[in-house]
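Text of work39.cif, listed as mmCIF, C-alpha atoms:
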data_model
#
loop_
_atom_site.label_atom_id
_atom_site.label_comp_id
_atom_site.auth_asym_id
_atom_site.auth_seq_id
_atom_site.Cartn_x
_atom_site.Cartn_y
_atom_site.Cartn_z
CA MET A 1021 -50.28 -100.08 24.56
CA GLU A 1022 -48.28 -98.76 21.62
CA ARG A 1023 -49.04 -95.20 20.56
CA LYS A 1024 -50.10 -96.19 17.04
CA TRP A 1025 -53.06 -98.15 18.42
CA TRP A 1026 -54.51 -94.89 19.75
CA LEU A 1027 -54.65 -93.68 16.15
CA VAL A 1028 -56.73 -96.73 15.28
CA ILE A 1029 -59.05 -96.15 18.25
CA ALA A 1030 -59.47 -92.47 17.39
CA GLY A 1031 -60.13 -93.44 13.77
CA CYS A 1032 -62.73 -95.94 14.93
CA VAL A 1033 -64.55 -93.27 16.95
CA THR A 1034 -64.62 -90.69 14.16
CA HIS A 1035 -65.63 -93.41 11.66
CA ALA A 1036 -68.50 -94.35 13.98
CA VAL A 1037 -69.77 -90.78 14.30
CA ASN A 1038 -69.51 -90.12 10.58
CA THR A 1039 -71.12 -93.39 9.52
CA GLY A 1040 -73.92 -93.00 12.04
CA PHE A 1041 -74.96 -89.66 10.60
CA SER A 1042 -73.76 -89.77 6.98
CA TYR A 1043 -74.53 -93.37 6.01
CA PHE A 1044 -76.89 -95.39 8.20
CA GLY A 1045 -78.56 -92.27 9.57
CA MET A 1046 -79.47 -91.05 6.08
CA SER A 1047 -81.78 -94.03 5.71
CA ALA A 1048 -83.93 -92.58 8.50
CA PHE A 1049 -84.64 -89.50 6.33
CA PHE A 1050 -86.07 -91.67 3.52
CA PRO A 1051 -89.70 -91.85 4.79
CA SER A 1052 -89.75 -88.08 5.43
CA PHE A 1053 -88.74 -87.31 1.85
CA GLU A 1054 -91.43 -89.63 0.52
CA ARG A 1055 -94.18 -88.19 2.75
CA GLU A 1056 -93.37 -84.50 2.30
CA PHE A 1057 -92.56 -84.38 -1.40
CA GLY A 1058 -94.35 -87.43 -2.78
CA TRP A 1059 -91.28 -88.56 -4.72
CA SER A 1060 -91.13 -92.18 -5.84
CA ARG A 1061 -88.75 -94.52 -4.05
CA THR A 1062 -86.81 -94.96 -7.27
CA ALA A 1063 -86.24 -91.19 -7.45
CA ILE A 1064 -85.18 -90.93 -3.81
CA SER A 1065 -82.97 -93.99 -4.16
CA GLY A 1066 -81.28 -92.22 -7.07
CA ALA A 1067 -79.84 -89.65 -4.68
CA PHE A 1068 -78.19 -92.39 -2.64
CA SER A 1069 -77.01 -94.13 -5.79
CA LEU A 1070 -75.58 -90.95 -7.30
CA ALA A 1071 -73.69 -90.48 -4.05
CA ARG A 1072 -71.89 -93.70 -4.91
CA VAL A 1073 -71.31 -92.44 -8.46
CA GLU A 1074 -69.45 -89.53 -6.87
CA SER A 1075 -67.17 -92.05 -5.16
CA GLY A 1076 -66.52 -93.71 -8.50
CA LEU A 1077 -65.98 -90.59 -10.57
CA LEU A 1078 -63.91 -88.69 -8.02
CA GLY A 1079 -62.41 -91.65 -6.16
CA PRO A 1080 -59.25 -91.84 -8.33
CA ILE A 1081 -58.79 -88.06 -8.05
CA GLU A 1082 -59.37 -88.16 -4.30
CA GLY A 1083 -56.89 -91.01 -3.91
CA TYR A 1084 -54.23 -89.29 -6.03
CA PHE A 1085 -54.79 -86.03 -4.13
CA ILE A 1086 -54.41 -87.77 -0.76
CA ASP A 1087 -51.28 -89.67 -1.88
CA ARG A 1088 -49.68 -86.43 -3.10
CA VAL A 1089 -50.89 -83.81 -0.60
CA GLY A 1090 -51.00 -86.10 2.41
CA PRO A 1091 -53.95 -87.36 4.43
CA ARG A 1092 -53.56 -84.95 7.34
CA ARG A 1093 -54.52 -81.75 5.53
CA VAL A 1094 -57.27 -83.41 3.51
CA MET A 1095 -59.10 -84.57 6.66
CA TYR A 1096 -60.00 -81.02 7.73
CA ILE A 1097 -61.19 -80.08 4.25
CA GLY A 1098 -63.45 -83.14 4.15
CA ILE A 1099 -65.00 -82.43 7.55
CA VAL A 1100 -66.01 -78.92 6.48
CA ILE A 1101 -67.53 -80.19 3.21
CA CYS A 1102 -69.50 -82.92 5.00
CA VAL A 1103 -70.94 -80.55 7.60
CA SER A 1104 -71.87 -78.08 4.86
CA GLY A 1105 -73.72 -80.88 3.10
CA PHE A 1106 -75.93 -81.50 6.13
CA VAL A 1107 -76.73 -77.80 6.40
CA ALA A 1108 -77.64 -77.77 2.71
CA LEU A 1109 -79.84 -80.84 3.26
CA SER A 1110 -81.98 -78.86 5.71
CA PHE A 1111 -82.89 -76.43 2.89
CA VAL A 1112 -83.86 -79.06 0.33
CA ASP A 1113 -87.09 -78.34 -1.53
CA SER A 1114 -86.48 -80.14 -4.83
CA LEU A 1115 -85.06 -83.45 -6.02
CA PRO A 1116 -81.99 -81.91 -7.72
CA MET A 1117 -81.15 -80.05 -4.52
CA LEU A 1118 -81.40 -83.31 -2.56
CA TYR A 1119 -78.96 -84.91 -4.98
CA VAL A 1120 -76.48 -82.03 -4.67
CA ALA A 1121 -76.59 -81.92 -0.86
CA ILE A 1122 -76.01 -85.66 -0.52
CA VAL A 1123 -73.53 -86.22 -3.36
CA LEU A 1124 -71.33 -83.11 -3.37
CA GLY A 1125 -71.70 -82.38 0.32
CA ILE A 1126 -72.23 -85.28 2.67
CA VAL A 1127 -70.66 -88.12 0.69
CA LEU A 1128 -67.70 -86.22 -0.78
CA GLY A 1129 -66.90 -84.76 2.64
CA SER A 1130 -67.20 -88.14 4.34
CA SER A 1131 -64.74 -89.70 1.93
CA LEU A 1132 -62.16 -86.93 2.22
CA GLY A 1133 -62.58 -86.27 5.92
CA TYR A 1134 -63.04 -89.66 7.51
CA HIS A 1135 -62.49 -92.74 5.40
CA MET A 1136 -59.68 -92.59 2.82
CA PRO A 1137 -57.10 -90.53 4.78
CA ILE A 1138 -57.36 -92.68 7.90
CA SER A 1139 -57.27 -95.89 5.83
CA LEU A 1140 -54.02 -94.73 4.22
CA LEU A 1141 -52.46 -93.86 7.58
CA ILE A 1142 -53.34 -97.27 9.02
CA ALA A 1143 -52.06 -99.11 5.93
CA LYS A 1144 -48.74 -97.27 6.09
CA ILE A 1145 -48.19 -97.48 9.85
CA PHE A 1146 -49.23 -101.13 10.31
CA HIS A 1147 -47.48 -103.97 8.54
CA GLU A 1148 -47.83 -106.65 11.17
CA ARG A 1149 -51.35 -107.03 12.59
CA ARG A 1150 -52.69 -104.86 9.78
CA SER A 1151 -55.97 -106.76 9.52
CA LEU A 1152 -56.64 -106.35 13.24
CA ALA A 1153 -55.92 -102.62 12.97
CA PHE A 1154 -58.37 -102.28 10.08
CA GLY A 1155 -60.86 -104.46 11.94
CA ILE A 1156 -60.83 -102.07 14.90
CA PHE A 1157 -61.05 -99.05 12.59
CA ARG A 1158 -63.94 -100.59 10.65
CA MET A 1159 -65.70 -101.42 13.90
CA GLY A 1160 -66.68 -97.75 13.84
CA PRO A 1161 -69.68 -98.29 11.53
CA GLY A 1162 -70.86 -101.03 13.88
CA LEU A 1163 -70.67 -98.71 16.87
CA SER A 1164 -72.53 -96.11 14.82
CA GLY A 1165 -75.66 -98.15 15.47
CA ALA A 1166 -76.07 -96.18 18.69
CA ILE A 1167 -76.41 -92.99 16.62
CA VAL A 1168 -79.07 -94.18 14.17
CA PRO A 1169 -81.92 -94.26 16.73
CA LEU A 1170 -80.87 -90.73 17.74
CA VAL A 1171 -81.30 -89.56 14.15
CA GLY A 1172 -84.72 -91.21 13.96
CA ALA A 1173 -85.75 -89.63 17.27
CA MET A 1174 -84.59 -86.15 16.19
CA ILE A 1175 -86.66 -86.46 13.02
CA VAL A 1176 -89.74 -87.44 15.04
CA TRP A 1177 -89.24 -84.74 17.70
CA TRP A 1178 -88.13 -81.72 15.66
CA GLY A 1179 -88.59 -82.63 12.00
CA TRP A 1180 -86.11 -83.78 9.41
CA ARG A 1181 -84.78 -80.30 8.57
CA THR A 1182 -83.73 -79.54 12.13
CA ALA A 1183 -82.36 -83.08 12.45
CA ALA A 1184 -80.12 -82.43 9.42
CA VAL A 1185 -78.63 -79.28 10.98
CA LEU A 1186 -78.09 -80.98 14.33
CA SER A 1187 -76.39 -83.91 12.59
CA GLY A 1188 -73.94 -81.53 10.94
CA CYS A 1189 -73.21 -79.74 14.22
CA MET A 1190 -72.48 -83.01 15.99
CA LEU A 1191 -70.16 -84.13 13.18
CA LEU A 1192 -68.24 -80.87 13.41
CA ALA A 1193 -67.95 -81.01 17.20
CA ALA A 1194 -66.59 -84.57 17.12
CA GLY A 1195 -64.62 -84.51 13.88
CA VAL A 1196 -62.20 -81.61 14.36
CA PRO A 1197 -60.71 -82.59 17.76
CA ILE A 1198 -60.35 -86.23 16.73
CA ALA A 1199 -58.72 -85.25 13.43
CA TYR A 1200 -56.21 -83.15 15.39
CA LEU A 1201 -55.40 -86.12 17.64
CA ILE A 1202 -54.98 -88.49 14.69
CA ASN A 1203 -52.66 -86.05 12.95
CA ARG A 1204 -50.45 -85.66 16.01
CA ILE A 1205 -50.08 -89.42 16.42
CA ALA A 1206 -49.40 -89.92 12.70
CA ASP A 1207 -46.71 -87.20 12.77
CA ALA A 1208 -45.00 -88.85 15.74
CA GLU A 1209 -45.11 -92.27 14.05
CA GLU A 1210 -43.64 -90.85 10.86
CA ARG A 1211 -40.77 -89.23 12.78
CA ASP A 1212 -40.07 -92.53 14.53
CA ARG A 1213 -40.03 -94.42 11.23
CA GLU A 1214 -37.64 -91.93 9.67
CA LEU A 1215 -35.35 -92.10 12.68
CA ALA A 1216 -35.41 -95.90 12.72
CA SER A 1217 -34.71 -96.03 8.99
CA ALA A 1218 -31.70 -93.76 9.34
CA THR A 1219 -30.40 -95.61 12.40
CA ASN A 1220 -30.72 -99.06 10.89
CA ALA A 1221 -29.28 -98.00 7.52
CA GLY A 1222 -32.10 -99.36 5.41
CA ILE A 1223 -32.91 -102.50 7.42
CA GLY A 1224 -36.42 -101.25 8.07
CA SER A 1225 -37.13 -100.56 4.42
CA THR A 1226 -36.00 -104.06 3.45
CA ALA A 1227 -38.42 -105.57 5.96
CA HIS A 1228 -41.10 -103.32 4.60
CA ARG A 1229 -40.58 -104.58 1.05
CA SER A 1230 -40.69 -108.17 2.21
CA LEU A 1231 -44.15 -107.61 3.61
CA ASP A 1232 -45.63 -105.28 0.97
CA PRO A 1233 -45.31 -105.96 -2.79
CA GLN A 1234 -45.52 -102.21 -3.57
CA PHE A 1235 -47.30 -102.19 -6.92
CA THR A 1236 -47.81 -98.90 -8.71
CA LEU A 1237 -51.25 -98.11 -10.11
CA THR A 1238 -50.12 -98.96 -13.64
CA GLU A 1239 -48.79 -102.32 -12.52
CA ALA A 1240 -51.93 -103.11 -10.51
CA LEU A 1241 -54.19 -102.38 -13.49
CA ARG A 1242 -52.39 -105.09 -15.47
CA LEU A 1243 -53.23 -107.77 -12.90
CA LYS A 1244 -56.26 -110.07 -13.13
CA ALA A 1245 -56.35 -110.06 -9.33
CA PHE A 1246 -57.09 -106.33 -9.31
CA TRP A 1247 -60.10 -106.71 -11.60
CA PHE A 1248 -61.48 -109.85 -9.95
CA LEU A 1249 -61.15 -108.24 -6.51
CA SER A 1250 -62.65 -104.92 -7.58
CA VAL A 1251 -65.66 -106.47 -9.35
CA ALA A 1252 -66.25 -108.85 -6.44
CA MET A 1253 -66.33 -105.85 -4.10
CA ALA A 1254 -68.64 -104.03 -6.51
CA LEU A 1255 -71.14 -106.90 -6.37
CA ARG A 1256 -70.91 -107.08 -2.58
CA HIS A 1257 -71.56 -103.34 -2.34
CA MET A 1258 -74.55 -103.69 -4.66
CA VAL A 1259 -76.13 -106.00 -2.10
CA THR A 1260 -75.30 -104.14 1.09
CA GLU A 1261 -76.04 -100.69 -0.36
CA GLY A 1262 -79.43 -101.83 -1.63
CA VAL A 1263 -80.35 -103.39 1.70
CA SER A 1264 -79.06 -100.50 3.83
CA VAL A 1265 -80.84 -97.74 1.89
CA HIS A 1266 -84.18 -99.57 1.94
CA PHE A 1267 -83.91 -101.16 5.37
CA VAL A 1268 -85.99 -98.62 7.31
CA ILE A 1269 -88.68 -98.12 4.66
CA LEU A 1270 -89.00 -101.90 4.20
CA LEU A 1271 -89.85 -102.30 7.87
CA VAL A 1272 -92.17 -99.28 7.84
CA ASP A 1273 -94.08 -101.05 5.03
CA ARG A 1274 -94.40 -104.09 7.31
CA GLY A 1275 -96.02 -102.07 10.09
CA TRP A 1276 -93.01 -100.83 12.06
CA SER A 1277 -92.77 -97.21 13.21
CA THR A 1278 -89.95 -95.05 11.85
CA GLU A 1279 -88.35 -94.97 15.30
CA ALA A 1280 -88.53 -98.75 15.72
CA ALA A 1281 -87.22 -99.42 12.22
CA SER A 1282 -84.35 -96.94 12.72
CA SER A 1283 -83.56 -98.61 16.03
CA LEU A 1284 -83.36 -102.05 14.41
CA LEU A 1285 -81.04 -100.64 11.76
CA GLY A 1286 -78.91 -99.35 14.62
CA VAL A 1287 -78.99 -102.77 16.26
CA SER A 1288 -77.93 -104.31 12.95
CA ALA A 1289 -74.88 -102.04 12.86
CA LEU A 1290 -74.01 -102.78 16.48
CA ILE A 1291 -74.23 -106.53 15.90
CA GLY A 1292 -71.63 -106.29 13.15
CA ALA A 1293 -69.12 -104.44 15.34
CA PRO A 1294 -67.59 -107.49 17.09
CA THR A 1295 -67.36 -109.31 13.77
CA ARG A 1296 -65.22 -106.54 12.30
CA VAL A 1297 -62.64 -106.98 15.04
CA GLY A 1298 -62.94 -110.78 15.08
CA MET A 1299 -62.52 -111.14 11.32
CA GLY A 1300 -59.67 -108.64 11.40
CA TRP A 1301 -57.94 -110.80 14.00
CA LEU A 1302 -58.59 -113.96 11.97
CA GLY A 1303 -57.36 -112.22 8.82
CA ASP A 1304 -53.89 -111.94 10.36
CA ILE A 1305 -53.86 -115.70 10.97
CA ILE A 1306 -55.62 -117.40 8.05
CA ASP A 1307 -56.36 -116.67 4.40
CA LYS A 1308 -58.46 -113.50 4.15
CA ARG A 1309 -59.82 -114.55 0.77
CA LYS A 1310 -61.33 -117.74 2.21
CA LEU A 1311 -62.92 -115.73 5.02
CA VAL A 1312 -64.52 -113.40 2.50
CA ILE A 1313 -65.90 -116.32 0.47
CA GLY A 1314 -67.57 -117.80 3.56
CA LEU A 1315 -69.03 -114.44 4.58
CA LEU A 1316 -70.46 -113.89 1.09
CA LEU A 1317 -72.29 -117.22 1.33
CA ALA A 1318 -73.82 -116.15 4.65
CA LEU A 1319 -74.77 -112.79 3.12
CA SER A 1320 -76.52 -114.49 0.21
CA ILE A 1321 -78.65 -116.75 2.42
CA SER A 1322 -79.60 -114.03 4.89
CA VAL A 1323 -80.61 -111.45 2.27
CA CYS A 1324 -82.82 -113.95 0.46
CA VAL A 1325 -84.68 -114.87 3.66
CA MET A 1326 -85.03 -111.21 4.72
CA GLY A 1327 -86.71 -110.41 1.43
CA TRP A 1328 -89.35 -113.14 1.78
CA ALA A 1329 -89.81 -113.38 5.56
CA ALA A 1330 -93.27 -112.29 6.68
CA GLY A 1331 -92.77 -112.64 10.42
CA SER A 1332 -90.70 -110.31 12.58
CA LEU A 1333 -88.92 -113.17 14.35
CA VAL A 1334 -87.59 -114.82 11.18
CA PHE A 1335 -86.59 -111.44 9.74
CA THR A 1336 -84.72 -110.51 12.91
CA ILE A 1337 -82.85 -113.82 13.08
CA PHE A 1338 -81.55 -113.52 9.54
CA MET A 1339 -80.94 -109.80 10.00
CA ILE A 1340 -78.44 -110.87 12.67
CA VAL A 1341 -76.75 -113.24 10.19
CA TYR A 1342 -76.69 -110.47 7.60
CA SER A 1343 -75.19 -108.01 10.10
CA LEU A 1344 -72.42 -110.41 11.09
CA ALA A 1345 -71.55 -111.13 7.45
CA TYR A 1346 -71.69 -107.46 6.50
CA GLY A 1347 -69.42 -106.50 9.39
CA GLY A 1348 -66.81 -109.10 8.52
CA LEU A 1349 -66.76 -108.18 4.84
CA ALA A 1350 -66.40 -104.49 5.60
CA SER A 1351 -63.36 -105.06 7.81
CA LEU A 1352 -61.40 -107.18 5.32
CA GLN A 1353 -61.51 -105.19 2.09
CA GLU A 1354 -58.75 -102.65 2.92
CA PRO A 1355 -56.25 -105.13 4.39
CA ILE A 1356 -56.71 -107.43 1.39
CA ARG A 1357 -56.03 -104.53 -0.95
CA ALA A 1358 -52.94 -103.49 1.05
CA ASP A 1359 -51.65 -107.09 1.16
CA TYR A 1360 -52.21 -107.58 -2.58
CA PHE A 1361 -50.85 -104.25 -3.87
CA GLY A 1362 -48.89 -102.62 -1.02
CA THR A 1363 -49.03 -99.05 0.30
CA LYS A 1364 -46.88 -97.17 -2.21
CA ALA A 1365 -49.96 -96.06 -4.15
CA PHE A 1366 -52.59 -97.32 -1.71
CA ALA A 1367 -54.98 -94.35 -1.84
CA THR A 1368 -54.73 -94.07 -5.64
CA ILE A 1369 -55.34 -97.80 -6.17
CA GLN A 1370 -58.19 -97.69 -3.68
CA GLY A 1371 -59.69 -94.71 -5.50
CA VAL A 1372 -59.55 -96.47 -8.88
CA SER A 1373 -61.03 -99.61 -7.33
CA ARG A 1374 -63.88 -97.49 -5.97
CA SER A 1375 -64.58 -96.26 -9.49
CA ILE A 1376 -65.21 -99.90 -10.42
CA THR A 1377 -67.34 -100.66 -7.38
CA THR A 1378 -69.48 -97.65 -8.31
CA ALA A 1379 -71.44 -99.77 -10.78
CA GLY A 1380 -72.57 -102.04 -7.98
CA THR A 1381 -73.18 -99.37 -5.38
CA PHE A 1382 -75.16 -97.31 -7.88
CA MET A 1383 -77.35 -100.19 -8.99
CA GLY A 1384 -78.14 -101.64 -5.56
CA PRO A 1385 -80.56 -98.97 -4.25
CA ILE A 1386 -81.97 -98.42 -7.75
CA ILE A 1387 -82.74 -102.13 -8.25
CA ALA A 1388 -84.48 -102.35 -4.88
CA GLY A 1389 -86.51 -99.18 -5.52
CA LEU A 1390 -87.39 -100.14 -9.08
CA PHE A 1391 -88.63 -103.62 -8.24
CA TYR A 1392 -90.58 -102.26 -5.29
CA ASP A 1393 -92.30 -99.66 -7.48
CA TYR A 1394 -93.34 -102.43 -9.89
CA THR A 1395 -94.20 -105.21 -7.44
CA LYS A 1396 -94.89 -103.33 -4.18
CA SER A 1397 -92.57 -105.83 -2.52
CA TYR A 1398 -88.85 -106.20 -1.87
CA ALA A 1399 -88.86 -110.01 -2.28
CA VAL A 1400 -87.72 -110.08 -5.91
CA ALA A 1401 -85.01 -107.46 -5.39
CA PHE A 1402 -83.60 -109.26 -2.36
CA THR A 1403 -83.58 -112.56 -4.28
CA ILE A 1404 -81.52 -110.87 -6.98
CA PHE A 1405 -79.16 -109.62 -4.29
CA ALA A 1406 -78.73 -113.19 -3.03
CA VAL A 1407 -77.67 -114.36 -6.50
CA VAL A 1408 -75.32 -111.39 -6.83
CA SER A 1409 -73.61 -112.42 -3.57
CA LEU A 1410 -72.95 -115.87 -5.05
CA LEU A 1411 -71.38 -114.28 -8.14
CA SER A 1412 -69.15 -112.23 -5.85
CA MET A 1413 -68.08 -115.48 -4.18
CA LEU A 1414 -66.95 -116.90 -7.52
CA LEU A 1415 -64.86 -113.83 -8.32
CA MET A 1416 -63.21 -113.89 -4.90
CA PHE A 1417 -62.26 -117.53 -5.53
CA LEU A 1418 -60.55 -116.43 -8.76
CA ALA A 1419 -58.81 -113.42 -7.16
CA LYS A 1420 -55.54 -115.11 -6.20
CA PRO A 1421 -52.87 -112.89 -4.55
CA PRO A 1422 -50.46 -111.43 -7.14
CA VAL A 1423 -46.72 -112.00 -6.88
CA LYS A 1424 -44.30 -109.23 -7.82
CA GLU A 1425 -40.87 -110.20 -9.03
CA ARG A 1426 -38.07 -108.78 -6.95
CA VAL A 1427 -35.29 -106.76 -8.49
#
Entire entry expressed as structure tokens:
Amino acid sequence: MERKWWLVIAGCVTHAVNTGFSYFGMSAFFPSFEREFGWSRTAISGAFSLARVESGLLGPIEGYFIDRVGPRRVMYIGIVICVSGFVALSFVDSLPMLYVAIVLGIVLGSSLGYHMPISLLIAKIFHERRSLAFGIFRMGPGLSGAIVPLVGAMIVWWGWRTAAVLSGCMLLAAGVPIAYLINRIADAEERDRELASATNAGIGSTAHRSLDPQFTLTEALRLKAFWFLSVAMALRHMVTEGVSVHFVILLVDRGWSTEAASSLLGVSALIGAPTRVGMGWLGDIIDKRKLVIGLLLALSISVCVMGWAAGSLVFTIFMIVYSLAYGGLASLQEPIRADYFGTKAFATIQGVSRSITTAGTFMGPIIAGLFYDYTKSYAVAFTIFAVVSLLSMLLMFLAKPPVKERV
């Protein structure tokens, strides 16, 4: 196996650990916040939504910083910030403090330490089989399903404050050695590329340009494809963010225990893992855009049924459909962006795109919490999410790949 694939595998592992604790695992804390402090679900959801606002406001800066400074150094900074956020979470005694710990600690650190730097390295190193590489990397959140029940169990056994500290310690113990390994592989790959470029007298760079259009940020912002793609992703994130944040508490309302609900959320993540690899493999063979359109249709149907289903069996069946669709969509967004706009300004373009998707990711949890507070049910909110998925389908249909004129 080529050395560069070990970078993808290491990235997958660290992505799994981070997502298990910092994303899916955070949903397990939701019932504890409600019970201990008596905050409304809309107020608690606001913390998760503001975390996505951080991604939107700082995403362009993060992307520019990573493109200029380099992803290797930024990874270590992000890991420290994320771990500090979990420690701060254990001291939360007010709603503003909850917002600060999640937004400026956990989420900011996750972005800088785990997601954006590794995405940039994969986009630059892989030109052929890029979708498969991203599919394996994005399988990490699916594998994180094994961590979510652990978070729920720690909360039950030792309380949510101790669980927050332990989560941070585990992230630190796993993140630093894996970041070191990724950096060593990336350095070796970069040396090989430079050597090959010098040896072949520019042949490699010509092949590179033939595969990647290499748009700058300014050029990308002038393209309709950039805006259609970004808004479509924003709408998709609105749906999946809203469902993920409220998944555990929805099941608790229907009579499930916190442990059982957290376990099913973990199962949901695990189910999506094979789809991430499978859709990544398919994305190297057939049109990624058509794959995304089909997955959005499946997402729409499954979310609608999950919102109205009264029985556990029906809910579980369509939760499986939702998980498969979610996994496939998650694995295709970075390779589509790299194929459309290239890797010259990949992190910067990704950061600006995230600032657009912020509207959707912010509104998703808020919409679900707001409609629950008014109706004491998630049925209306999940129906809205189903319609939003269909709108995302339309935009993906319109988001045709841009063509850059050669000079």
Sel. within 6 Å of pt (-69.4, -83.8, 2.5), counting only C-alpha atoms, output as a PyMOL selection string: chain A and resi 1101-1102+1105+1125-1130
Residue members of the PyMOL selection byres ((chain A and resi 1133) around 9) in the file shown, as a ChimeraX atom specification: /A:1091,1094-1102,1128-1132,1134-1138,1195,1199
Hey, can you check how far CA of Ala1293 in chain A sits from CA of Arg1158 in chain A?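 One can read the CA of Ala1293 in chain A to CA of Arg1158 in chain A distance as 8.0 Å.
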If the PyMOL selection byres ((chain A and resi 1406) around 10) were run on this exact file, what residues would it hold? Put them as a PyMOL selection string. chain A and resi 1256+1259+1316-1325+1327+1400-1405+1407-1411
Suppose a student applies the PyMOL selection byres ((chain A and resi 1233) around 6) to this structure; what residues should they get, written as a list in words? Asp1232, Gln1234, Phe1235, Phe1361 and Gly1362 of chain A
If you keep C-alpha atoms, can you produce a file of those selected residues as a JSON list (two decimals), in the coordinates of the input?
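Below is the file that was written, result_32.json:
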[["chain", "number", "residue", "atom", "x", "y", "z"],
["A", 1232, "ASP", "CA", -45.63, -105.28, 0.97],
["A", 1234, "GLN", "CA", -45.52, -102.21, -3.57],
["A", 1235, "PHE", "CA", -47.30, -102.19, -6.92],
["A", 1361, "PHE", "CA", -50.85, -104.25, -3.87],
["A", 1362, "GLY", "CA", -48.89, -102.62, -1.02]]
Measure the distance from CA of Phe1154 in chain A to CA of Trp1026 in chain A in Å and round it to one decimal.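 We find that CA of Phe1154 in chain A and CA of Trp1026 in chain A lie 12.8 Å from each other.
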Choose the residue, out of A:Leu1118, A:Ala1379, A:Leu1141, A:Met1416, that has the smallest atom-to-atom separation from Asn1203 in chain A; count all atoms listed in the file.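 Of A:Leu1118, A:Ala1379, A:Leu1141, A:Met1416, the one nearest Asn1203 in chain A is A:Leu1141, counting all atoms listed in the file.
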Applying 12 Å and all atoms listed in the file, which residues near Ala1240 in chain A remain after dropping the ones on its own chain fewer than 6 positions away? List them as a PyMOL selection string. chain A and resi 1233-1234+1246-1250+1357-1358+1360-1366+1368-1370+1372-1373+1421-1424
Would you save the residues from that selection as a short mmCIF file (atom, residue, chain, number, x, y, z; two decimals), keeping the file's coordinate frame, using C-alpha atoms?
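Output file part.cif is given in full below:
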data_model
loop_
_atom_site.label_atom_id
_atom_site.label_comp_id
_atom_site.auth_asym_id
_atom_site.auth_seq_id
_atom_site.Cartn_x
_atom_site.Cartn_y
_atom_site.Cartn_z
CA PRO A 1233 -45.31 -105.96 -2.79
CA GLN A 1234 -45.52 -102.21 -3.57
CA PHE A 1246 -57.09 -106.33 -9.31
CA TRP A 1247 -60.10 -106.71 -11.60
CA PHE A 1248 -61.48 -109.85 -9.95
CA LEU A 1249 -61.15 -108.24 -6.51
CA SER A 1250 -62.65 -104.92 -7.58
CA ARG A 1357 -56.03 -104.53 -0.95
CA ALA A 1358 -52.94 -103.49 1.05
CA TYR A 1360 -52.21 -107.58 -2.58
CA PHE A 1361 -50.85 -104.25 -3.87
CA GLY A 1362 -48.89 -102.62 -1.02
CA THR A 1363 -49.03 -99.05 0.30
CA LYS A 1364 -46.88 -97.17 -2.21
CA ALA A 1365 -49.96 -96.06 -4.15
CA PHE A 1366 -52.59 -97.32 -1.71
CA THR A 1368 -54.73 -94.07 -5.64
CA ILE A 1369 -55.34 -97.80 -6.17
CA GLN A 1370 -58.19 -97.69 -3.68
CA VAL A 1372 -59.55 -96.47 -8.88
CA SER A 1373 -61.03 -99.61 -7.33
CA PRO A 1421 -52.87 -112.89 -4.55
CA PRO A 1422 -50.46 -111.43 -7.14
CA VAL A 1423 -46.72 -112.00 -6.88
CA LYS A 1424 -44.30 -109.23 -7.82
#
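Of the residues listed (A:Val1312, A:Ile1142, A:Gln1353, A:Met1046), A:Ile1142 shows the shortest atom-to-atom separation from Ala1206 in chain A; distances use only C-alpha atoms.
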So what do you get for CA of Leu1170 in chain A versus CA of Ala1193 in chain A, distance-wise?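 Spanning CA of Leu1170 in chain A to CA of Ala1193 in chain A is a straight-line distance of 16.2 Å.
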For Tyr1394 in chain A: contacts at 12 Å, only C-alpha atoms, fewer than 6 positions along chain excluded, given as a list in words: Ser1060, Arg1061, Thr1062, Ile1387, Ala1388, Val1400 and Ala1401 of chain A
Export of prior selection with C-alpha atoms as a PDB file, in the coordinates of the input:
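Now in result34.pdb:
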ATOM      1  CA  SER A1060     -91.130 -92.180  -5.840  1.00  0.00           C
ATOM      2  CA  ARG A1061     -88.750 -94.520  -4.050  1.00  0.00           C
ATOM      3  CA  THR A1062     -86.810 -94.960  -7.270  1.00  0.00           C
ATOM      4  CA  ILE A1387     -82.740-102.130  -8.250  1.00  0.00           C
ATOM      5  CA  ALA A1388     -84.480-102.350  -4.880  1.00  0.00           C
ATOM      6  CA  VAL A1400     -87.720-110.080  -5.910  1.00  0.00           C
ATOM      7  CA  ALA A1401     -85.010-107.460  -5.390  1.00  0.00           C
TER       8      ALA A1401
END
From the list A:Val1171, A:Ile1202, A:Ile1269, A:Leu1284, which residue is nearest Tyr1043 in chain A when using all atoms listed in the file? A:Val1171
Could you list, as a CSV table (one decimal) with C-alpha atoms, in the coordinates of the input, every residue within 8 Å of Tyr1119 in chain A, counting all atoms listed in the file and ignoring same-chain residues fewer than 6 positions away?
chain,number,residue,atom,x,y,z
A,1066,GLY,CA,-81.3,-92.2,-7.1
A,1067,ALA,CA,-79.8,-89.6,-4.7
A,1068,PHE,CA,-78.2,-92.4,-2.6
A,1070,LEU,CA,-75.6,-91.0,-7.3
A,1071,ALA,CA,-73.7,-90.5,-4.0
Quick one: residues within 8 Å of His1266 in chain A, all atoms listed in the file, excluding same-chain residues fewer than 2 positions away - as number ranges by chain? A: 1047, 1262-1264, 1268-1270, 1385, 1388-1389
Give the answer as one residue: which of A:Thr1395, A:Thr1238, A:Thr1034, A:Thr1381 has the shortest atom-to-atom distance to Ala1194 in chain A, using all atoms listed in the file?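 Checking each candidate against Ala1194 in chain A, we get A:Thr1034 as the closest.
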